[in-house]
Structures are given as C-alpha cells and as structure tokens.
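J.: Compact mmCIF, C-alpha atoms, file start.txt:
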```txt
# COMPACT_ATOMS: atom_id res chain seq x y z
CA MET W 5 0.00 0.00 0.00
CA ILE W 6 1.32 3.43 -0.92
CA GLY W 7 1.33 5.68 2.13
CA LEU W 8 2.07 9.31 2.78
CA ASN W 9 5.73 8.55 3.45
CA HIS W 10 6.22 7.20 -0.06
CA TYR W 11 5.08 10.49 -1.55
CA LEU W 12 7.12 12.55 0.91
CA ILE W 13 10.28 10.57 0.18
CA LEU W 14 9.68 10.95 -3.57
CA SER W 15 9.19 14.69 -3.09
CA GLY W 16 12.43 14.84 -1.08
CA ILE W 17 14.33 13.03 -3.82
CA LEU W 18 12.97 15.38 -6.50
CA PHE W 19 13.78 18.43 -4.36
CA THR W 20 17.34 17.19 -3.85
CA ILE W 21 17.73 16.67 -7.61
CA GLY W 22 16.64 20.27 -8.18
CA LEU W 23 18.97 21.51 -5.43
CA ILE W 24 21.94 19.66 -6.92
CA GLY W 25 21.06 21.27 -10.25
CA VAL W 26 21.05 24.74 -8.71
CA LEU W 27 24.39 24.11 -7.01
CA ARG W 28 26.11 22.41 -9.92
CA ARG W 29 25.03 24.19 -13.10
CA ARG W 30 26.45 27.53 -14.21
CA ASN W 31 23.98 28.35 -16.98
CA LEU W 32 21.15 30.71 -15.98
CA LEU W 33 18.59 28.78 -18.04
CA MET W 34 19.54 25.52 -16.31
CA LEU W 35 19.16 27.26 -12.94
CA PHE W 36 15.60 28.17 -13.95
CA PHE W 37 14.88 24.55 -14.90
CA SER W 38 16.21 23.35 -11.56
CA THR W 39 14.00 25.85 -9.74
CA GLU W 40 10.97 24.46 -11.59
CA ILE W 41 11.91 20.97 -10.42
CA MET W 42 12.08 22.14 -6.80
CA LEU W 43 8.69 23.89 -7.06
CA ASN W 44 7.16 20.73 -8.52
CA ALA W 45 8.61 18.62 -5.72
CA ALA W 46 6.93 20.91 -3.18
CA ASN W 47 3.65 20.61 -5.11
CA VAL W 48 3.76 16.81 -4.98
CA ALA W 49 4.24 16.92 -1.21
CA PHE W 50 1.36 19.40 -0.81
CA ALA W 51 -1.05 17.33 -2.91
CA ALA W 52 -0.12 14.09 -1.13
CA ILE W 53 -0.53 15.60 2.36
CA SER W 54 -3.83 17.15 1.27
CA ASN W 55 -5.06 13.72 0.19
CA PHE W 56 -3.93 11.76 3.24
CA TYR W 57 -5.27 14.26 5.80
CA HIS W 58 -8.49 14.93 3.83
CA ASP W 59 -7.70 18.64 3.87
CA LEU W 60 -8.12 20.87 0.83
CA SER W 61 -5.66 23.55 2.04
CA GLY W 62 -2.67 21.69 0.62
CA GLN W 63 -4.15 21.80 -2.86
CA MET W 64 -4.91 25.52 -2.51
CA PHE W 65 -1.27 26.17 -1.59
CA ALA W 66 -0.20 24.14 -4.61
CA PHE W 67 -2.41 26.33 -6.83
CA PHE W 68 -0.77 29.48 -5.58
CA ILE W 69 2.66 27.92 -6.06
CA VAL W 70 1.71 27.23 -9.70
CA ALA W 71 0.60 30.86 -10.13
CA ILE W 72 3.85 32.15 -8.61
CA ALA W 73 5.90 29.82 -10.81
CA ALA W 74 4.10 31.10 -13.92
CA SER W 75 4.77 34.77 -13.09
CA GLU W 76 8.36 33.97 -12.11
CA VAL W 77 8.94 32.42 -15.53
CA ALA W 78 7.37 35.39 -17.35
CA ILE W 79 9.56 37.97 -15.56
CA GLY W 80 12.65 35.78 -15.39
CA LEU W 81 12.63 34.90 -19.06
CA GLY W 82 12.27 38.60 -19.96
CA LEU W 83 15.32 39.37 -17.82
CA LEU W 84 17.24 36.46 -19.35
CA ILE W 85 16.52 37.77 -22.86
CA LEU W 86 17.78 41.21 -21.82
CA VAL W 87 20.95 39.74 -20.31
CA TYR W 88 21.56 37.65 -23.42
CA LYS W 89 21.10 40.65 -25.71
CA LYS W 90 23.52 42.70 -23.61
CA GLU W 91 26.24 40.17 -22.76
CA ASN W 92 25.70 37.51 -25.45
CA THR W 93 26.08 34.75 -22.88
CA LEU W 94 24.10 33.14 -20.07
CA ASP W 95 27.05 31.61 -18.25
CA LEU W 96 27.37 32.83 -14.68
CA ASP W 97 31.18 32.69 -14.77
CA ASP W 98 31.25 35.00 -17.78
CA LEU W 99 28.63 37.29 -16.29
CA ALA W 100 30.53 37.75 -13.02
CA SER W 101 31.96 41.25 -13.20
CA MET W 102 32.93 41.73 -9.57
CA LYS W 103 36.04 39.94 -8.36
CA GLY W 104 35.75 39.10 -4.71
CA MET Q 8 -2.30 -2.88 -6.72
CA PHE Q 9 -2.91 -0.47 -9.58
CA GLU Q 10 -1.88 2.42 -7.36
CA GLN Q 11 1.39 0.74 -6.42
CA ILE Q 12 2.32 -0.05 -10.01
CA ALA Q 13 1.43 3.48 -11.13
CA PHE Q 14 3.32 5.08 -8.24
CA TYR Q 15 6.56 3.20 -8.82
CA PHE Q 16 6.33 3.57 -12.59
CA PHE Q 17 5.78 7.34 -12.32
CA SER Q 18 8.50 7.68 -9.65
CA VAL Q 19 11.16 6.00 -11.76
CA LEU Q 20 10.05 8.03 -14.77
CA THR Q 21 10.10 11.45 -13.02
CA ILE Q 22 13.40 10.85 -11.24
CA GLY Q 23 15.02 9.71 -14.48
CA LEU Q 24 13.63 12.59 -16.53
CA PHE Q 25 14.60 15.22 -13.96
CA LEU Q 26 18.09 13.72 -13.68
CA VAL Q 27 18.41 14.14 -17.45
CA THR Q 28 17.25 17.75 -17.04
CA VAL Q 29 19.83 18.51 -14.38
CA PHE Q 30 22.82 16.72 -15.91
CA SER Q 31 22.23 17.22 -19.64
CA LYS Q 32 24.74 19.27 -21.62
CA ASN Q 33 22.17 20.28 -24.22
CA VAL Q 34 19.53 22.85 -23.31
CA LEU Q 35 16.97 21.40 -25.74
CA TYR Q 36 17.25 17.91 -24.21
CA ALA Q 37 16.94 19.44 -20.75
CA MET Q 38 13.80 21.37 -21.71
CA THR Q 39 12.15 18.38 -23.37
CA SER Q 40 12.80 16.07 -20.45
CA LEU Q 41 11.60 18.75 -18.02
CA ALA Q 42 8.33 19.07 -19.98
CA SER Q 43 7.76 15.31 -19.98
CA GLY Q 44 8.62 15.18 -16.28
CA MET Q 45 5.90 17.78 -15.65
CA VAL Q 46 3.37 15.57 -17.49
CA VAL Q 47 4.27 12.64 -15.24
CA ILE Q 48 3.97 14.88 -12.15
CA ALA Q 49 0.40 15.58 -13.27
CA GLY Q 50 -0.06 11.79 -13.14
CA PHE Q 51 0.87 11.89 -9.42
CA PHE Q 52 -1.77 14.57 -8.85
CA PHE Q 53 -4.45 12.39 -10.45
CA LEU Q 54 -3.20 9.50 -8.32
CA VAL Q 55 -3.73 11.39 -5.05
CA GLY Q 56 -7.19 12.55 -6.13
CA ALA Q 57 -6.25 16.18 -6.84
CA ASP Q 58 -7.96 16.12 -10.25
CA PHE Q 59 -8.20 19.87 -10.74
CA LEU Q 60 -4.59 20.40 -9.68
CA GLY Q 61 -3.51 17.80 -12.23
CA VAL Q 62 -5.38 19.58 -15.00
CA VAL Q 63 -3.91 22.92 -13.90
CA GLN Q 64 -0.45 21.35 -13.91
CA LEU Q 65 -0.99 20.14 -17.47
CA ILE Q 66 -2.37 23.45 -18.73
CA VAL Q 67 -0.13 25.90 -16.87
CA TYR Q 68 3.17 24.03 -16.56
CA VAL Q 69 3.25 21.88 -19.65
CA GLY Q 70 1.17 24.23 -21.77
CA ALA Q 71 2.18 27.75 -20.75
CA VAL Q 72 5.48 27.62 -18.87
CA MET Q 73 7.23 25.16 -21.16
CA ALA Q 74 5.88 26.93 -24.26
CA LEU Q 75 7.29 30.17 -22.81
CA TYR Q 76 10.67 28.49 -22.36
CA ALA Q 77 10.49 27.17 -25.90
CA PHE Q 78 9.79 30.67 -27.21
CA GLY Q 79 12.51 32.16 -25.02
CA MET Q 80 14.91 29.60 -26.38
CA MET Q 81 14.60 31.19 -29.80
CA PHE Q 82 16.57 34.15 -28.43
CA PHE Q 83 19.42 32.02 -27.14
CA ASN Q 84 21.93 29.98 -29.05
CA VAL Q 85 21.00 26.46 -27.98
CA THR Q 86 22.46 24.43 -30.83
CA LYS Q 87 25.87 24.32 -29.16
CA ASP Q 88 26.46 22.08 -26.17
CA LEU Q 89 26.97 23.98 -22.93
CA LYS Q 90 30.54 24.28 -21.76
CA GLU Q 91 30.52 25.17 -18.11
CA LYS Q 92 32.99 24.93 -15.31
CA ASN Q 93 31.26 22.77 -12.74
CA THR Q 94 31.41 23.45 -9.05
CA SER Q 95 33.56 20.93 -7.22
CA ASN Q 96 31.51 17.78 -6.86
CA ILE Q 97 32.46 17.16 -3.24
CA TRP Q 98 30.69 20.27 -2.01
CA VAL Q 99 27.63 19.59 -4.14
CA MET Q 100 27.43 16.05 -2.76
CA ILE Q 101 27.92 17.22 0.83
CA VAL Q 102 25.19 19.85 0.60
CA GLY Q 103 22.83 17.57 -1.35
CA VAL Q 104 23.17 14.62 1.03
CA THR Q 105 22.85 16.91 4.07
CA VAL Q 106 19.62 18.44 2.76
CA ALA Q 107 18.25 15.01 1.84
CA LEU Q 108 19.01 13.71 5.34
CA LEU Q 109 17.49 16.80 6.97
CA MET Q 110 14.31 16.41 4.91
CA THR Q 111 14.03 12.72 5.79
CA LEU Q 112 14.45 13.58 9.47
CA MET Q 113 11.85 16.34 9.15
CA PHE Q 114 9.31 14.09 7.44
CA VAL Q 115 9.87 11.12 9.75
CA GLY Q 116 10.46 12.79 13.08
CA ALA Q 117 9.18 16.30 13.31
CA ILE Q 118 5.60 15.79 12.16
CA ASN Q 119 3.22 14.71 14.87
CA PRO Q 120 0.24 13.25 12.97
CA ASP Q 121 -2.16 13.58 15.91
CA ALA Q 122 -1.60 17.31 16.19
CA ILE Q 123 -2.69 17.92 12.58
CA TYR Q 124 -6.35 18.64 11.95
CA ALA Q 125 -8.00 19.53 8.66
CA SER Q 126 -8.73 23.24 8.50
CA LEU Q 127 -10.64 22.79 5.25
CA PRO Q 128 -12.01 19.24 5.35
CA MET Q 129 -13.00 17.51 2.13
CA SER Q 130 -16.61 16.45 1.96
CA ASP Q 131 -17.85 13.35 0.18
CA LYS Q 132 -20.75 15.23 -1.36
CA MET Q 133 -18.65 17.27 -3.80
CA ASN Q 134 -16.10 16.02 -6.28
CA ASN Q 135 -12.67 17.59 -6.36
CA PRO Q 136 -13.12 20.47 -8.87
CA GLU Q 137 -16.34 21.56 -7.15
CA ALA Q 138 -14.72 21.54 -3.72
CA VAL Q 139 -11.72 23.48 -5.05
CA GLY Q 140 -14.04 26.08 -6.56
CA MET Q 141 -15.96 26.45 -3.32
CA ALA Q 142 -12.76 26.93 -1.31
CA LEU Q 143 -11.15 29.24 -3.87
CA PHE Q 144 -14.09 31.64 -3.99
CA THR Q 145 -14.86 31.73 -0.28
CA LYS Q 146 -11.92 31.20 2.06
CA TYR Q 147 -9.17 31.95 -0.45
CA LEU Q 148 -10.89 34.77 -2.35
CA VAL Q 149 -8.42 37.51 -1.36
CA PRO Q 150 -5.26 35.49 -2.15
CA PHE Q 151 -6.93 34.50 -5.42
CA GLU Q 152 -7.47 38.14 -6.43
CA VAL Q 153 -3.95 39.07 -5.31
CA ALA Q 154 -2.60 36.22 -7.44
CA ALA Q 155 -4.60 37.57 -10.37
CA ILE Q 156 -3.05 41.03 -9.94
CA MET Q 157 0.39 39.44 -9.58
CA LEU Q 158 -0.09 37.55 -12.85
CA LEU Q 159 -1.19 40.77 -14.57
CA ILE Q 160 1.92 42.57 -13.30
CA ALA Q 161 4.09 39.65 -14.41
CA MET Q 162 2.52 39.76 -17.86
CA ILE Q 163 3.12 43.49 -18.24
CA GLY Q 164 6.65 43.09 -16.88
CA GLY Q 165 7.39 40.27 -19.29
CA ILE Q 166 6.13 42.27 -22.25
CA VAL Q 167 8.10 45.36 -21.25
CA LEU Q 168 11.32 43.44 -20.56
CA ALA Q 169 11.33 41.14 -23.56
CA GLY Q 170 9.86 43.75 -25.89
CA LYS Q 171 12.70 46.22 -25.30
CA LYS Q 172 14.71 46.91 -28.45
CA MET Q 173 12.52 44.51 -30.38
CA ASP Q 174 13.05 46.68 -33.47
CA THR Q 175 16.73 45.66 -33.60
CA SER Q 176 16.27 42.00 -34.33
CA LEU Q 177 19.29 39.78 -33.76
CA THR Q 178 18.70 37.93 -37.02
CA ASN Q 179 18.68 41.06 -39.16
CA ILE Q 180 21.94 42.73 -38.10
CA GLU Q 181 24.96 42.48 -40.33
CA ASP Q 182 27.55 39.78 -39.84
CA GLU Q 183 30.29 42.21 -38.80
CA VAL Q 184 28.18 43.58 -35.98
CA LEU Q 185 27.51 40.05 -34.77
CA GLN Q 186 31.20 39.18 -34.93
CA GLN Q 187 32.01 42.31 -32.96
CA LYS Q 188 29.46 41.19 -30.40
CA ASP Q 189 31.00 37.73 -30.24
CA ALA Q 190 34.51 39.13 -29.90
CA LYS Q 191 33.50 41.36 -27.02
```
Starting from the coordinates I provided, produce the structure as structure tokens.
T.:
Amino acid sequence: MIGLNHYLILSGILFTIGLIGVLRRRNLLMLFFSTEIMLNAANVAFAAISNFYHDLSGQMFAFFIVAIAASEVAIGLGLLILVYKKENTLDLDDLASMKG
Amino acid sequence: MFEQIAFYFFSVLTIGLFLVTVFSKNVLYAMTSLASGMVVIAGFFFLVGADFLGVVQLIVYVGAVMALYAFGMMFFNVTKDLKEKNTSNIWVMIVGVTVALLMTLMFVGAINPDAIYASLPMSDKMNNPEAVGMALFTKYLVPFEVAAIMLLIAMIGGIVLAGKKMDTSLTNIEDEVLQQKDAK
C-alpha cells in the first residue's frame, strides 16, 4: 500500500535533484529549470498531504505555487533575454563582473 | 495494486527525466525532459485525487510555462552544447546529502500526525473540482485576487522586458556587428 511517506520521500528526492542542479550548473537557463523541479517537488508533497489528511488547504497552496511559478517564468525569461542581448552569454562565470 | 504499479512507474520516470534535465549538456534535451517530467507529475496529482490540480499542472506548466521556455529559447543559441565549469563535486554532494538527510528527518520525526487537523475538510458530497471552486471563492478569495493582480503585473513586466529593443532584431543585423558582439 502506498502511504504518505512514499510520496514525501519521492518529493524529497525530487527536491534534492533540483537543489543539486542549482548548485552544480552555471547556466542561468539551467538554474531556472532546476527551480521548476524544486517547485514541482513541493507541489507533490502538498497534494499528497492534502489527500492523506483529507484537507483541501494543501491543494490551494499548490495552486498558488503554480501561479507564482508562472509569473516567475514570465519575468525571469524577460530578464534572461535582456541579459543575453547585452552580454551575449548566459554563463554565470562570464557574467561575473565583480572579483571578490 | 494499480496504485502501487502506477506510483513506482511514475516515480522512476520522473526521477530519471529530472536527472536528465539537471545533468544534460544540451539545453533542448533538458527542456524536453523537463516538460515530460511535468506531465508525469500531473499523473501523481491524479493518483492522489487532486484532479483539478492535475489539469492545472498540465495546462499551466506543460502548456504555458514550457511553451514560454520554448519561445525564449529562440533568443538564445541552444544548438551548441553547454561548456561550463562545474562546481567541485564534493561540495555539491555534501550539501545535497545533508539536505536530503534533513528532509528525511523532518518528514519522519518532526511531524506529529495527531496534532494535525484539517482546516478545510474535504466532503464526500462534492467532487474535487467543485470543492476546489468552493474553497477558492470563499476562504481563499483575497489570495486569489492578489494572485490575479500578480499575474497581470508579471505579464506586463514580461512584455516590457522582452519587448525592449525589439526593433533591432538579432537575425537582421549584419555579420560584422555580430562578430564584434562575439569578440566582445
């Protein structure tokens, strides 16, 4: 029988994958992808908890997370396009202008 | 039985697809596997009975967000493989394993199931989309409207940011200008 813990462990694994992506990649677009993975992992946990406690609040939170993710992508992609037009690269190492 | 098979099948599929997303050298492969991973995540939502959330996931994530990425990709040069200097693997592994352990501890130890009560209990009379609608337009009306305004602001912001200097298209400038840009 699949219990709540199965879903929570899956969500943890997905979140860790996204976190490793954020830590490891140096391309801004890949950082965005990794963030999407982490948001989705949180959504899975919310939906599972909502189901196993018979509480709708988890699903409502997941809806607002989806809305926030959509607006984040709209703004973020606009900024990425601006950065690419200006610097002609999306690599964080090339974009770093401050040595510290 | 069906639930178990579906859960393990979807789990293996999502973890594999997201691993491809995170470790792929090609942005197009990463985007495609991310989109298919999102579809499978919607399968999890249907599995836990969150029907409306699953449909929203399909429409918003797979339909809108990934299409936005695909359009944004037209501005970037994605035909070349990414060459990036990776952060030292030891640190990534240390941080990743630590966070994974912390989350396991949190899920297993810190949650006291008896102390949790449903603040918005599901009723058997309504199916999932109906119940979501009732909750969204009563208890969560103000956050819903705020989210609507936030989406409007995001839309305007996206148009303003991406639409800047749209008249100087990157495909129409002369080769020398592009080479100058590359050399810089």
J.: May I have the residues within 8 Å of Val27 of chain Q as a list in words, using all atoms listed in the file and disregarding those fewer than 4 positions away in the same chain?
T.: Gly23, Ser31, Tyr36, Ala37 and Ser40 of chain Q
J.: Applying 8 Å and only C-alpha atoms, which residues near segment 47-63 of chain W remain after dropping the ones on its own chain fewer than 3 positions away? List them as a list in words.
T.: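 Skipping anything fewer than 3 positions along the chain leaves Leu8, Tyr11, Leu12, Ser15, Leu43, Asn44, Ala66, Phe67 and Ile69 of chain W; Ile48, Phe51, Phe52, Val55, Gly56, Ala57, Leu60, Tyr124, Ala125, Ser126, Leu127, Pro128, Met129, Val139 and Ala142 of chain Q.
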J.: Choose the residue, out of W:Gly7, W:Thr20, W:Arg28, W:Ala100, that has the smallest atom-to-atom separation from Ser95 of chain Q; count only C-alpha atoms.
T.: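 For Ser95 of chain Q, the nearest of the candidates is W:Arg28.
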J.: For Gly22 of chain W, list every protein, DNA or RNA residue within 8 Å, evaluated using only C-alpha atoms, and leave out those in the same chain fewer than 4 positions away; present the list as a ChimeraX atom specification.
T.: /W:18,26,38-42 /Q:25,29
J.: Please report the interatomic distance between atom CA of Val87 of chain W and atom CA of Phe83 of chain Q in Å with one decimal.
T.: 10.4 Å
J.: So that I can see what lies close to Lys92 of chain Q, please list as a list in words the residues with an atom at most 10 Å from it, counting all atoms listed in the file and leaving out residues fewer than 5 positions away in the same chain.
T.: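 So, after excluding close chain neighbours, the residues are Arg28, Arg29, Arg30, Asn31, Asp95, Leu96 and Asp97 of chain W.
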J.: Enter the distance from atom CA of Val46 of chain Q to atom CA of Glu10 of chain Q, in Å, rounded to one decimal.
T.: 17.4 Å
J.: Could you please determine the separation between atom CA of Thr105 of chain Q and atom CA of Ala122 of chain Q in Å, to one decimal place?
T.: 27.3 Å
J.: Edge lengths and centre in Å to one decimal, as lines of an AutoDock Vina configuration file, of the axis-aligned box that encloses all listed atoms of segment 155-174 of chain Q with 4 Å added on every side?
T.:
```
center_x = 5.1
center_y = 42.2
center_z = -21.5
size_x = 27.3
size_y = 17.4
size_z = 31.9
```
J.: Skipping near chain neighbours, those fewer than 4 positions away, what residues fall within 6 Å of segment 61-64 of chain Q using all atoms listed in the file, listed as JSON, numbers by chain?
T.: {"Q": [49, 52, 53, 68]}
J.: Choose the residue, out of Q:Ala42, Q:Leu54, Q:Ala169, Q:Ala138, that has the smallest atom-to-atom separation from chain W; count only C-alpha atoms.
T.: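 Nearest candidate to chain W out of Q:Ala42, Q:Leu54, Q:Ala169, Q:Ala138: Q:Ala169.
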J.: Write segment 103-128 of chain Q as a PDB file, in the coordinates of the input, completed to N, CA and C atoms.
T.:
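The resulting file, result_32.pdb, is reproduced below:
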```pdb
ATOM      1  N   GLY Q 103      23.987  18.341  -0.918  1.00  0.00           N
ATOM      2  CA  GLY Q 103      22.830  17.570  -1.350  1.00  0.00           C
ATOM      3  C   GLY Q 103      22.450  16.493  -0.354  1.00  0.00           C
ATOM      4  N   VAL Q 104      23.453  15.719   0.092  1.00  0.00           N
ATOM      5  CA  VAL Q 104      23.170  14.620   1.030  1.00  0.00           C
ATOM      6  C   VAL Q 104      22.679  15.187   2.362  1.00  0.00           C
ATOM      7  N   THR Q 105      23.294  16.316   2.810  1.00  0.00           N
ATOM      8  CA  THR Q 105      22.850  16.910   4.070  1.00  0.00           C
ATOM      9  C   THR Q 105      21.391  17.324   3.995  1.00  0.00           C
ATOM     10  N   VAL Q 106      21.017  17.997   2.885  1.00  0.00           N
ATOM     11  CA  VAL Q 106      19.620  18.440   2.760  1.00  0.00           C
ATOM     12  C   VAL Q 106      18.682  17.243   2.686  1.00  0.00           C
ATOM     13  N   ALA Q 107      19.097  16.195   1.943  1.00  0.00           N
ATOM     14  CA  ALA Q 107      18.250  15.010   1.840  1.00  0.00           C
ATOM     15  C   ALA Q 107      18.034  14.385   3.212  1.00  0.00           C
ATOM     16  N   LEU Q 108      19.126  14.291   4.003  1.00  0.00           N
ATOM     17  CA  LEU Q 108      19.010  13.710   5.340  1.00  0.00           C
ATOM     18  C   LEU Q 108      18.105  14.567   6.223  1.00  0.00           C
ATOM     19  N   LEU Q 109      18.302  15.901   6.151  1.00  0.00           N
ATOM     20  CA  LEU Q 109      17.490  16.800   6.970  1.00  0.00           C
ATOM     21  C   LEU Q 109      16.012  16.648   6.630  1.00  0.00           C
ATOM     22  N   MET Q 110      15.713  16.533   5.308  1.00  0.00           N
ATOM     23  CA  MET Q 110      14.310  16.410   4.910  1.00  0.00           C
ATOM     24  C   MET Q 110      13.720  15.094   5.384  1.00  0.00           C
ATOM     25  N   THR Q 111      14.509  14.010   5.295  1.00  0.00           N
ATOM     26  CA  THR Q 111      14.030  12.720   5.790  1.00  0.00           C
ATOM     27  C   THR Q 111      13.721  12.805   7.276  1.00  0.00           C
ATOM     28  N   LEU Q 112      14.662  13.417   8.030  1.00  0.00           N
ATOM     29  CA  LEU Q 112      14.450  13.580   9.470  1.00  0.00           C
ATOM     30  C   LEU Q 112      13.179  14.371   9.742  1.00  0.00           C
ATOM     31  N   MET Q 113      13.003  15.458   8.947  1.00  0.00           N
ATOM     32  CA  MET Q 113      11.850  16.340   9.150  1.00  0.00           C
ATOM     33  C   MET Q 113      10.558  15.575   8.901  1.00  0.00           C
ATOM     34  N   PHE Q 114      10.534  14.815   7.790  1.00  0.00           N
ATOM     35  CA  PHE Q 114       9.310  14.090   7.440  1.00  0.00           C
ATOM     36  C   PHE Q 114       9.031  12.989   8.444  1.00  0.00           C
ATOM     37  N   VAL Q 115      10.084  12.287   8.891  1.00  0.00           N
ATOM     38  CA  VAL Q 115       9.870  11.120   9.750  1.00  0.00           C
ATOM     39  C   VAL Q 115       9.642  11.552  11.183  1.00  0.00           C
ATOM     40  N   GLY Q 116      10.464  12.513  11.660  1.00  0.00           N
ATOM     41  CA  GLY Q 116      10.460  12.790  13.080  1.00  0.00           C
ATOM     42  C   GLY Q 116       9.615  13.955  13.510  1.00  0.00           C
ATOM     43  N   ALA Q 117       9.687  15.055  12.761  1.00  0.00           N
ATOM     44  CA  ALA Q 117       9.180  16.300  13.310  1.00  0.00           C
ATOM     45  C   ALA Q 117       7.663  16.425  13.218  1.00  0.00           C
ATOM     46  N   ILE Q 118       7.041  15.647  12.328  1.00  0.00           N
ATOM     47  CA  ILE Q 118       5.600  15.790  12.160  1.00  0.00           C
ATOM     48  C   ILE Q 118       4.871  14.889  13.139  1.00  0.00           C
ATOM     49  N   ASN Q 119       4.037  15.487  13.940  1.00  0.00           N
ATOM     50  CA  ASN Q 119       3.220  14.710  14.870  1.00  0.00           C
ATOM     51  C   ASN Q 119       1.826  14.564  14.265  1.00  0.00           C
ATOM     52  N   PRO Q 120       1.482  13.386  13.756  1.00  0.00           N
ATOM     53  CA  PRO Q 120       0.240  13.250  12.970  1.00  0.00           C
ATOM     54  C   PRO Q 120      -1.020  13.563  13.781  1.00  0.00           C
ATOM     55  N   ASP Q 121      -0.949  13.349  15.117  1.00  0.00           N
ATOM     56  CA  ASP Q 121      -2.160  13.580  15.910  1.00  0.00           C
ATOM     57  C   ASP Q 121      -2.465  15.053  16.086  1.00  0.00           C
ATOM     58  N   ALA Q 122      -1.398  15.881  15.963  1.00  0.00           N
ATOM     59  CA  ALA Q 122      -1.600  17.310  16.190  1.00  0.00           C
ATOM     60  C   ALA Q 122      -2.164  18.011  14.964  1.00  0.00           C
ATOM     61  N   ILE Q 123      -2.227  17.285  13.813  1.00  0.00           N
ATOM     62  CA  ILE Q 123      -2.690  17.920  12.580  1.00  0.00           C
ATOM     63  C   ILE Q 123      -4.189  17.705  12.447  1.00  0.00           C
ATOM     64  N   TYR Q 124      -4.925  18.786  12.224  1.00  0.00           N
ATOM     65  CA  TYR Q 124      -6.350  18.640  11.950  1.00  0.00           C
ATOM     66  C   TYR Q 124      -6.650  19.392  10.657  1.00  0.00           C
ATOM     67  N   ALA Q 125      -7.673  18.938   9.949  1.00  0.00           N
ATOM     68  CA  ALA Q 125      -8.000  19.530   8.660  1.00  0.00           C
ATOM     69  C   ALA Q 125      -8.698  20.863   8.873  1.00  0.00           C
ATOM     70  N   SER Q 126      -8.094  21.938   8.356  1.00  0.00           N
ATOM     71  CA  SER Q 126      -8.730  23.240   8.500  1.00  0.00           C
ATOM     72  C   SER Q 126      -9.780  23.448   7.412  1.00  0.00           C
ATOM     73  N   LEU Q 127      -9.712  22.654   6.365  1.00  0.00           N
ATOM     74  CA  LEU Q 127     -10.640  22.790   5.250  1.00  0.00           C
ATOM     75  C   LEU Q 127     -11.012  21.380   4.797  1.00  0.00           C
ATOM     76  N   PRO Q 128     -11.812  20.669   5.611  1.00  0.00           N
ATOM     77  CA  PRO Q 128     -12.010  19.240   5.350  1.00  0.00           C
ATOM     78  C   PRO Q 128     -12.722  18.994   4.018  1.00  0.00           C
TER      79      PRO Q 128
END
```
